[in-house]
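Just structure_21.cif here, mmCIF, C-alpha atoms and all ligand atoms:
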```
data_entry
loop_
_atom_site.label_atom_id
_atom_site.label_comp_id
_atom_site.auth_asym_id
_atom_site.auth_seq_id
_atom_site.Cartn_x
_atom_site.Cartn_y
_atom_site.Cartn_z
CA MET Q 486 -41.77 4.53 6.95
CA TYR Q 487 -39.72 1.46 7.86
CA ARG Q 488 -41.13 -1.68 9.48
CA PRO Q 489 -40.73 -1.64 13.31
CA VAL Q 490 -38.26 -4.54 13.15
CA LYS Q 491 -35.87 -2.28 11.20
CA TYR Q 492 -35.70 0.16 14.16
CA VAL Q 493 -34.97 -2.76 16.50
CA GLU Q 494 -32.22 -3.95 14.15
CA LYS Q 495 -30.71 -0.46 14.03
CA LEU Q 496 -30.82 -0.19 17.83
CA LEU Q 497 -29.09 -3.56 18.20
CA SER Q 498 -26.45 -2.54 15.67
CA VAL Q 499 -25.67 0.73 17.54
CA ALA Q 500 -25.55 -1.14 20.88
CA ALA Q 501 -23.24 -3.81 19.45
CA ASN Q 502 -20.90 -1.15 18.03
CA GLY Q 503 -20.83 0.62 21.41
CA ALA Q 504 -20.14 -2.63 23.29
CA TRP Q 505 -17.33 -3.49 20.86
CA TYR Q 506 -15.78 -0.04 21.29
CA VAL Q 507 -15.79 -0.40 25.11
CA PHE Q 508 -14.38 -3.95 24.94
CA ASP Q 509 -11.68 -2.94 22.46
CA THR Q 510 -10.61 0.04 24.58
CA LEU Q 511 -10.45 -2.02 27.81
CA ASN Q 512 -8.60 -4.76 25.98
CA GLN Q 513 -5.79 -2.39 25.09
CA ILE Q 514 -5.08 -1.28 28.67
CA LYS Q 515 -3.08 -4.33 29.74
CA GLN Q 516 -1.85 -6.21 26.71
CA SER Q 517 -0.70 -9.78 27.15
CA PRO Q 518 2.66 -10.62 25.50
CA PRO Q 519 2.59 -11.78 21.89
CA PHE Q 520 1.63 -15.40 21.41
CA THR Q 521 3.63 -17.83 19.24
CA PRO Q 522 1.46 -20.74 18.06
CA LYS Q 523 3.09 -24.07 17.24
CA TRP Q 524 2.44 -23.55 13.52
CA SER Q 525 4.64 -20.45 13.43
CA ASP Q 526 8.22 -19.70 14.52
CA LYS Q 527 7.38 -16.03 15.06
CA PRO Q 528 4.79 -14.45 17.36
CA LEU Q 529 1.45 -13.37 15.97
CA GLN Q 530 1.04 -9.63 15.54
CA LYS Q 531 -1.32 -7.45 17.52
CA SER Q 532 -3.76 -5.69 15.24
CA TYR Q 533 -1.99 -2.35 15.73
CA GLU Q 534 1.35 -3.94 14.73
CA LYS Q 535 0.13 -5.07 11.31
CA PRO Q 536 1.70 -2.96 8.57
CA LYS Q 537 -0.38 -1.59 5.72
CA PRO Q 538 0.72 -0.53 2.26
CA PRO Q 539 -0.05 3.05 1.20
CA LEU Q 540 -3.78 3.24 0.53
CA GLY Q 541 -6.14 5.95 -0.71
CA TRP Q 542 -5.73 8.01 -3.84
CA PRO Q 543 -4.20 9.67 -5.72
CA ARG Q 544 -1.19 7.48 -5.08
CA GLU Q 545 1.75 6.02 -6.95
CA THR Q 546 2.11 2.26 -7.15
CA ASP Q 547 4.16 -0.44 -8.87
CA SER Q 548 2.71 -1.90 -12.02
CA LEU Q 549 3.57 -3.74 -15.22
CA CYS Q 550 3.54 -2.72 -18.86
CA PRO Q 551 1.00 -5.03 -20.56
CA LYS Q 552 3.17 -5.12 -23.69
CA CYS Q 553 6.68 -5.40 -22.22
CA VAL Q 554 5.70 -8.47 -20.16
CA PRO Q 555 4.56 -10.72 -23.06
CA GLU Q 556 7.51 -9.54 -25.14
CA VAL Q 557 10.00 -10.59 -22.46
CA ARG Q 558 8.11 -13.85 -21.90
CA ARG Q 559 8.35 -14.64 -25.62
CA LYS Q 560 12.07 -13.86 -25.73
CA ILE Q 561 12.69 -16.19 -22.78
CA LEU Q 562 10.75 -18.99 -24.49
CA GLU Q 563 12.70 -18.41 -27.71
CA GLY Q 564 15.96 -18.68 -25.80
CA LYS Q 565 16.95 -15.07 -26.52
CA LEU Q 566 16.92 -14.10 -22.84
CA PRO Q 567 17.82 -16.19 -19.77
CA TYR Q 568 14.87 -16.85 -17.46
CA GLU Q 569 17.05 -15.68 -14.55
CA ILE Q 570 16.36 -12.07 -15.49
CA LEU Q 571 12.94 -12.59 -13.88
CA LEU Q 572 14.82 -12.94 -10.59
CA THR Q 573 17.48 -10.31 -11.06
CA GLU Q 574 15.74 -7.56 -13.02
CA LYS Q 575 12.44 -5.77 -12.82
CA VAL Q 576 11.30 -6.76 -16.28
CA GLY Q 577 8.25 -4.90 -17.50
CA GLU Q 578 7.88 -2.95 -14.26
CA ILE Q 579 6.76 0.66 -14.50
CA LYS Q 580 5.19 3.11 -12.08
CA ALA Q 581 1.46 3.75 -12.20
CA TRP Q 582 -0.88 6.26 -10.56
CA ILE Q 583 -4.22 5.45 -9.03
CA ILE Q 584 -6.57 8.36 -9.52
CA GLU Q 585 -10.27 9.21 -9.37
CA ARG Q 586 -11.85 10.67 -12.46
CA ASP Q 587 -15.48 10.93 -13.63
CA GLY Q 588 -16.75 8.77 -10.75
CA LYS Q 589 -14.28 5.96 -11.42
CA ILE Q 590 -10.99 4.79 -9.94
CA LEU Q 591 -8.42 4.48 -12.70
CA MET Q 592 -4.90 3.16 -12.97
CA VAL Q 593 -2.87 5.21 -15.44
CA LYS Q 594 0.68 4.47 -16.50
CA ARG Q 595 3.18 5.25 -19.21
CA CYS Q 596 5.78 2.87 -20.59
CA PRO Q 597 8.75 4.64 -22.20
CA ILE Q 598 8.54 2.14 -25.09
CA HIS Q 599 4.83 1.42 -25.51
CA GLY Q 600 3.17 4.61 -24.39
CA TYR Q 601 0.13 5.36 -22.26
CA PHE Q 602 -2.24 2.85 -20.64
CA GLU Q 603 -5.39 3.46 -18.67
CA ASP Q 604 -7.47 0.84 -16.85
CA VAL Q 605 -10.66 1.11 -14.77
CA LEU Q 606 -10.14 -0.37 -11.30
CA SER Q 607 -13.53 0.50 -9.86
CA ILE Q 608 -16.81 2.12 -10.90
CA ASP Q 609 -17.76 2.73 -7.25
CA PRO Q 610 -15.15 4.90 -5.45
CA GLU Q 611 -17.13 4.89 -2.17
CA PHE Q 612 -17.17 1.12 -2.04
CA THR Q 613 -13.45 0.96 -2.89
CA ARG Q 614 -12.73 3.47 -0.11
CA HIS Q 615 -14.72 1.31 2.32
CA ILE Q 616 -12.85 -1.85 1.26
CA GLU Q 617 -9.51 -0.10 1.82
CA GLN Q 618 -10.63 1.22 5.21
CA VAL Q 619 -11.56 -2.24 6.51
CA PHE Q 620 -8.29 -3.82 5.35
CA PRO Q 621 -6.97 -5.31 8.62
CA GLY Q 622 -3.28 -5.01 7.73
CA ARG Q 623 -0.75 -7.48 6.46
CA ASP Q 624 -0.56 -10.94 7.95
CA ILE Q 625 2.53 -12.21 9.74
CA ARG Q 626 5.70 -12.18 7.66
CA ALA Q 627 6.21 -15.54 5.92
CA HIS Q 628 9.29 -17.43 7.09
CA ASN Q 629 11.13 -20.68 6.29
CA ASP Q 630 10.16 -19.84 2.72
CA ARG Q 631 13.55 -19.10 1.15
CA HIS Q 632 13.13 -21.74 -1.59
CA LEU Q 633 9.39 -21.37 -2.06
CA HIS Q 634 9.06 -17.60 -2.37
CA ASN Q 635 11.88 -16.76 -4.73
CA HIS Q 636 10.41 -14.72 -7.55
CA GLY Q 637 12.49 -11.57 -7.75
CA SER Q 638 10.58 -8.37 -7.16
CA SER Q 639 7.25 -10.29 -7.38
CA THR Q 640 8.09 -12.42 -4.36
CA ILE Q 641 5.27 -12.87 -1.87
CA THR Q 642 6.42 -11.84 1.60
CA HIS Q 643 3.37 -12.12 3.88
CA GLY Q 644 0.62 -14.62 4.47
CA ARG Q 645 -0.08 -18.13 5.67
CA GLY Q 646 0.55 -21.28 3.71
CA ALA Q 647 -2.89 -22.68 2.93
CA VAL Q 648 -3.19 -24.03 -0.60
CA LEU Q 649 -0.45 -25.13 -2.98
CA THR Q 650 -1.36 -25.52 -6.65
CA ILE Q 651 1.02 -27.48 -8.85
CA ASP Q 652 0.46 -27.44 -12.59
CA LEU Q 653 1.86 -30.83 -13.56
CA THR Q 654 1.57 -30.36 -17.31
CA ASN Q 655 0.07 -28.04 -19.89
CA ARG Q 656 -1.01 -31.02 -22.00
CA CYS Q 657 -4.73 -31.73 -22.13
CA ASN Q 658 -7.03 -34.12 -23.97
CA MET Q 659 -9.55 -31.30 -24.42
CA MET Q 660 -9.30 -28.04 -26.31
CA CYS Q 661 -11.70 -25.67 -24.60
CA ASP Q 662 -12.04 -22.17 -25.92
CA PRO Q 663 -11.17 -20.26 -23.85
CA CYS Q 664 -8.86 -22.34 -21.71
CA PHE Q 665 -7.61 -20.76 -18.50
CA MET Q 666 -4.14 -22.24 -19.18
CA ASP Q 667 -3.99 -22.01 -22.98
CA ALA Q 668 -3.46 -25.76 -22.79
CA ASN Q 669 -2.53 -27.23 -26.20
CA GLN Q 670 -2.51 -23.74 -27.69
CA VAL Q 671 0.88 -22.24 -26.90
CA GLY Q 672 2.91 -24.43 -29.24
CA PHE Q 673 5.09 -26.09 -26.61
CA VAL Q 674 4.75 -28.65 -23.84
CA HIS Q 675 5.64 -27.63 -20.33
CA GLU Q 676 5.67 -30.60 -18.00
CA LEU Q 677 7.30 -30.88 -14.60
CA SER Q 678 9.93 -33.55 -14.00
CA TRP Q 679 9.70 -35.73 -10.89
CA GLU Q 680 12.62 -33.79 -9.34
CA GLU Q 681 10.76 -30.50 -9.88
CA ILE Q 682 7.50 -31.84 -8.40
CA LYS Q 683 9.34 -33.24 -5.38
CA ALA Q 684 11.22 -29.97 -4.82
CA LEU Q 685 7.97 -27.97 -4.92
CA LEU Q 686 6.29 -30.27 -2.39
CA ASP Q 687 9.38 -30.37 -0.14
CA HIS Q 688 9.81 -26.58 -0.13
CA ALA Q 689 6.16 -25.63 0.32
CA ILE Q 690 5.59 -27.85 3.37
CA GLN Q 691 8.32 -25.98 5.25
CA ILE Q 692 6.66 -22.56 5.07
CA LYS Q 693 5.64 -20.89 8.32
CA PRO Q 694 3.11 -19.76 9.40
CA ARG Q 695 1.28 -22.88 8.26
CA ARG Q 696 -1.64 -24.57 9.95
CA GLN Q 697 -2.76 -27.06 7.34
CA LEU Q 698 -1.66 -27.06 3.74
CA SER Q 699 -3.79 -28.43 0.94
CA VAL Q 700 -2.35 -29.33 -2.41
CA GLN Q 701 -4.18 -29.41 -5.69
CA PHE Q 702 -2.70 -30.79 -8.87
CA SER Q 703 -3.77 -28.95 -11.95
CA GLY Q 704 -2.71 -28.46 -15.55
CA GLY Q 705 -3.71 -28.87 -18.37
CA GLU Q 706 -5.04 -32.28 -17.48
CA PRO Q 707 -2.97 -33.39 -14.46
CA THR Q 708 -3.73 -37.10 -14.94
CA LEU Q 709 -1.75 -36.98 -18.20
CA SER Q 710 1.43 -36.43 -16.20
CA PRO Q 711 3.31 -39.72 -15.72
CA TYR Q 712 3.94 -38.60 -12.13
CA PHE Q 713 0.33 -37.86 -11.14
CA LEU Q 714 -0.12 -40.84 -8.79
CA ASP Q 715 3.43 -40.58 -7.42
CA ALA Q 716 2.82 -36.90 -6.67
CA ILE Q 717 -0.38 -37.68 -4.73
CA ARG Q 718 1.35 -40.46 -2.82
CA TYR Q 719 4.33 -38.31 -1.91
CA ALA Q 720 2.16 -35.34 -0.93
CA ARG Q 721 0.20 -37.54 1.49
CA GLU Q 722 3.45 -38.84 2.99
CA LEU Q 723 4.58 -35.27 3.65
CA GLY Q 724 1.32 -34.39 5.38
CA TYR Q 725 -0.56 -32.39 2.74
CA HIS Q 726 -4.34 -32.49 2.80
S1 LIG L 1 -7.00 -27.48 -19.20
FE1 LIG L 1 -9.21 -27.41 -18.69
S2 LIG L 1 -9.96 -25.59 -19.73
FE2 LIG L 1 -7.96 -26.09 -20.66
S3 LIG L 1 -8.41 -27.38 -22.44
FE3 LIG L 1 -8.07 -28.74 -20.71
S4 LIG L 1 -10.11 -29.15 -19.83
FE4 LIG L 1 -10.26 -27.32 -21.15
ZN ZN L 2 6.27 -1.43 -22.37
#
```

In structure tokens, write the structure found in this file.
Amino acid sequence: MYRPVKYVEKLLSVAANGAWYVFDTLNQIKQSPPFTPKWSDKPLQKSYEKPKPPLGWPRETDSLCPKCVPEVRRKILEGKLPYEILLTEKVGEIKAWIIERDGKILMVKRCPIHGYFEDVLSIDPEFTRHIEQVFPGRDIRAHNDRHLHNHGSSTITHGRGAVLTIDLTNRCNMMCDPCFMDANQVGFVHELSWEEIKALLDHAIQIKPRRQLSVQFSGGEPTLSPYFLDAIRYARELGYH
């Protein structure tokens, strides 16, 4: 036996769902033309225009071999492979299948070199199904982002510019274990030049759609970069928050 307030809550919930259904149906009868806000060069999409990737399972998807990727990364760092192959080739990419087995959602894949891999994506298939069902669809296609989103087959194509994170250096005066960046532990220093920092800030501020763009400088320890203060100053000049 539930408390009376629970029945009232349920009644309100059913009434709200019904009201939303009526409003949504009426709203679709005479659609106004698409609206282009000043922070975008392209019109916003109606909800029914938003594309969705294939969802549900079993389904095939793109994935990465967890052994090929670090091997290629190491070869690039050792100078045995040019970093440009990350733009021109699908390094480490393999197909995977998302399946349900024994009450779990699994990703299974086979690399021709390294064999079979199996990972648990979810231990609650019903909840995962619900999450996929309420996915509203992809956001507006990103534009003015030719220099910013240029990462080969991993390039981001949709979404709004909101937060830019720039790792100024992988140096750090601490040595935490674990460190989210492996700062001080990879055996080499990776530190952005002023030209690289400026290019990142210049390119990112041009992305559309963009309402307000925050920047955060990270690392390593960002204050160890000789350009830390210059980067903050320049970001403020460009209009970052
Ligand atoms: S970057 Fe952060 S987590 Fe890593 S060693 Fe420095 S303080 Fe620790
Ligand atoms: Zn592999």

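Pocket residues of ligand ZN 2 (chain L), taken as those with any atom at most 10 Å away using only C-alpha atoms and all ligand atoms, are Q:Leu549, Q:Cys550, Q:Pro551, Q:Lys552, Q:Cys553, Q:Val554, Q:Pro555, Q:Glu556, Q:Val557, Q:Val576, Q:Gly577, Q:Glu578, Q:Ile579, Q:Arg595, Q:Cys596, Q:Pro597, Q:Ile598, Q:His599, Q:Gly600, Q:Tyr601, Q:Phe602.
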
Can I get the residues close to ligand LIG 1 (chain L) as a PyMOL selection string, where close means within 6 Å and we count only C-alpha atoms and all ligand atoms?
-> chain Q and resi 657+659-661+664-666+668+704-706

Is it possible to get the axis-aligned box enclosing segment 628-634 of chain Q (all listed atoms, 4 Å extra per side) as lines of an AutoDock Vina configuration file, with centre and edge lengths in Å rounded to one decimal?
```
center_x = 11.3
center_y = -19.6
center_z = 2.4
size_x = 12.5
size_y = 12.3
size_z = 17.5
```

Spatial neighbours of segment 676-682 of chain Q, max dist 10 Å, only C-alpha atoms, sep filter under 2 positions, as an MDAnalysis selection string | chainID Q and resid 651:656 673:674 684:687 704:705 707 709:713 715:716 719:720

For the point (-8.7, -4.7, 14.9) in the file's frame, write as JSON, numbers by chain all residues with an atom no more than 12 Å away, counting only C-alpha atoms.
-> {"Q": [505, 506, 508, 509, 510, 512, 513, 530, 531, 532, 533, 534, 535, 618, 619, 620, 621, 622, 623]}

Write a file of the just-selected residues containing C-alpha atoms, as an mmCIF file, in the frame of the given file.
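And here's result.cif as it stands now:
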```
data_model
loop_
_atom_site.group_PDB
_atom_site.id
_atom_site.type_symbol
_atom_site.label_atom_id
_atom_site.label_comp_id
_atom_site.auth_asym_id
_atom_site.auth_seq_id
_atom_site.Cartn_x
_atom_site.Cartn_y
_atom_site.Cartn_z
ATOM 1 C CA TRP Q 505 -17.330 -3.490 20.860
ATOM 2 C CA TYR Q 506 -15.780 -0.040 21.290
ATOM 3 C CA PHE Q 508 -14.380 -3.950 24.940
ATOM 4 C CA ASP Q 509 -11.680 -2.940 22.460
ATOM 5 C CA THR Q 510 -10.610 0.040 24.580
ATOM 6 C CA ASN Q 512 -8.600 -4.760 25.980
ATOM 7 C CA GLN Q 513 -5.790 -2.390 25.090
ATOM 8 C CA GLN Q 530 1.040 -9.630 15.540
ATOM 9 C CA LYS Q 531 -1.320 -7.450 17.520
ATOM 10 C CA SER Q 532 -3.760 -5.690 15.240
ATOM 11 C CA TYR Q 533 -1.990 -2.350 15.730
ATOM 12 C CA GLU Q 534 1.350 -3.940 14.730
ATOM 13 C CA LYS Q 535 0.130 -5.070 11.310
ATOM 14 C CA GLN Q 618 -10.630 1.220 5.210
ATOM 15 C CA VAL Q 619 -11.560 -2.240 6.510
ATOM 16 C CA PHE Q 620 -8.290 -3.820 5.350
ATOM 17 C CA PRO Q 621 -6.970 -5.310 8.620
ATOM 18 C CA GLY Q 622 -3.280 -5.010 7.730
ATOM 19 C CA ARG Q 623 -0.750 -7.480 6.460
#
```

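Pairwise distance (atom CA of Val499 of chain Q, atom CA of Arg614 of chain Q) equals 22.1 Å.
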
Selection: 9 Å around Phe520 of chain Q, only C-alpha atoms, excl. self and same-chain fewer than 6 positions, as a VMD selection string = chain Q and resid 527 to 530

Filtering to C-alpha atoms, could you give me those residues as an mmCIF file, in the frame of the given file?
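See out07.cif below for the written result:
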```cif
data_model
loop_
_atom_site.group_PDB
_atom_site.id
_atom_site.type_symbol
_atom_site.label_atom_id
_atom_site.label_comp_id
_atom_site.auth_asym_id
_atom_site.auth_seq_id
_atom_site.Cartn_x
_atom_site.Cartn_y
_atom_site.Cartn_z
ATOM 1 C CA LYS Q 527 7.380 -16.030 15.060
ATOM 2 C CA PRO Q 528 4.790 -14.450 17.360
ATOM 3 C CA LEU Q 529 1.450 -13.370 15.970
ATOM 4 C CA GLN Q 530 1.040 -9.630 15.540
#
```

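Atom CA of Gln697 of chain Q sits 13.1 Å away from atom CA of Pro522 of chain Q.
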
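The shortest atom-to-atom distance to His636 of chain Q, with all atoms listed in the file taken into account, belongs to Q:Ile570 out of Q:Ile570, Q:Leu698, Q:Val648, Q:Leu591.
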
Neighbours of point (-5.1, 0.7, -11.2) within 8 Å, using all atoms listed in the file, written as a compact mmCIF listing (two decimals) with C-alpha atoms, keeping the file's coordinate frame:
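The resulting file, out-v1.txt, is reproduced below:
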```
# COMPACT_ATOMS: atom_id res chain seq x y z
CA ALA Q 581 1.46 3.75 -12.20
CA TRP Q 582 -0.88 6.26 -10.56
CA ILE Q 583 -4.22 5.45 -9.03
CA ILE Q 584 -6.57 8.36 -9.52
CA ILE Q 590 -10.99 4.79 -9.94
CA LEU Q 591 -8.42 4.48 -12.70
CA MET Q 592 -4.90 3.16 -12.97
CA VAL Q 593 -2.87 5.21 -15.44
CA GLU Q 603 -5.39 3.46 -18.67
CA ASP Q 604 -7.47 0.84 -16.85
CA VAL Q 605 -10.66 1.11 -14.77
CA LEU Q 606 -10.14 -0.37 -11.30
```

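Going from atom CA of Ser525 of chain Q to atom CA of Ala689 of chain Q covers 14.2 Å.
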
Between Q:Asn629, Q:Asn669, Q:Thr546, Q:Thr642, single out the one closest to Gln691 of chain Q, counting all atoms listed in the file.
-> Q:Asn629

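Remark: for Pro538 of chain Q, the closest of the candidate residues Q:Asn502, Q:Glu611, Q:Arg586, Q:Asp624 is Q:Asp624 (distances computed over all atoms listed in the file).
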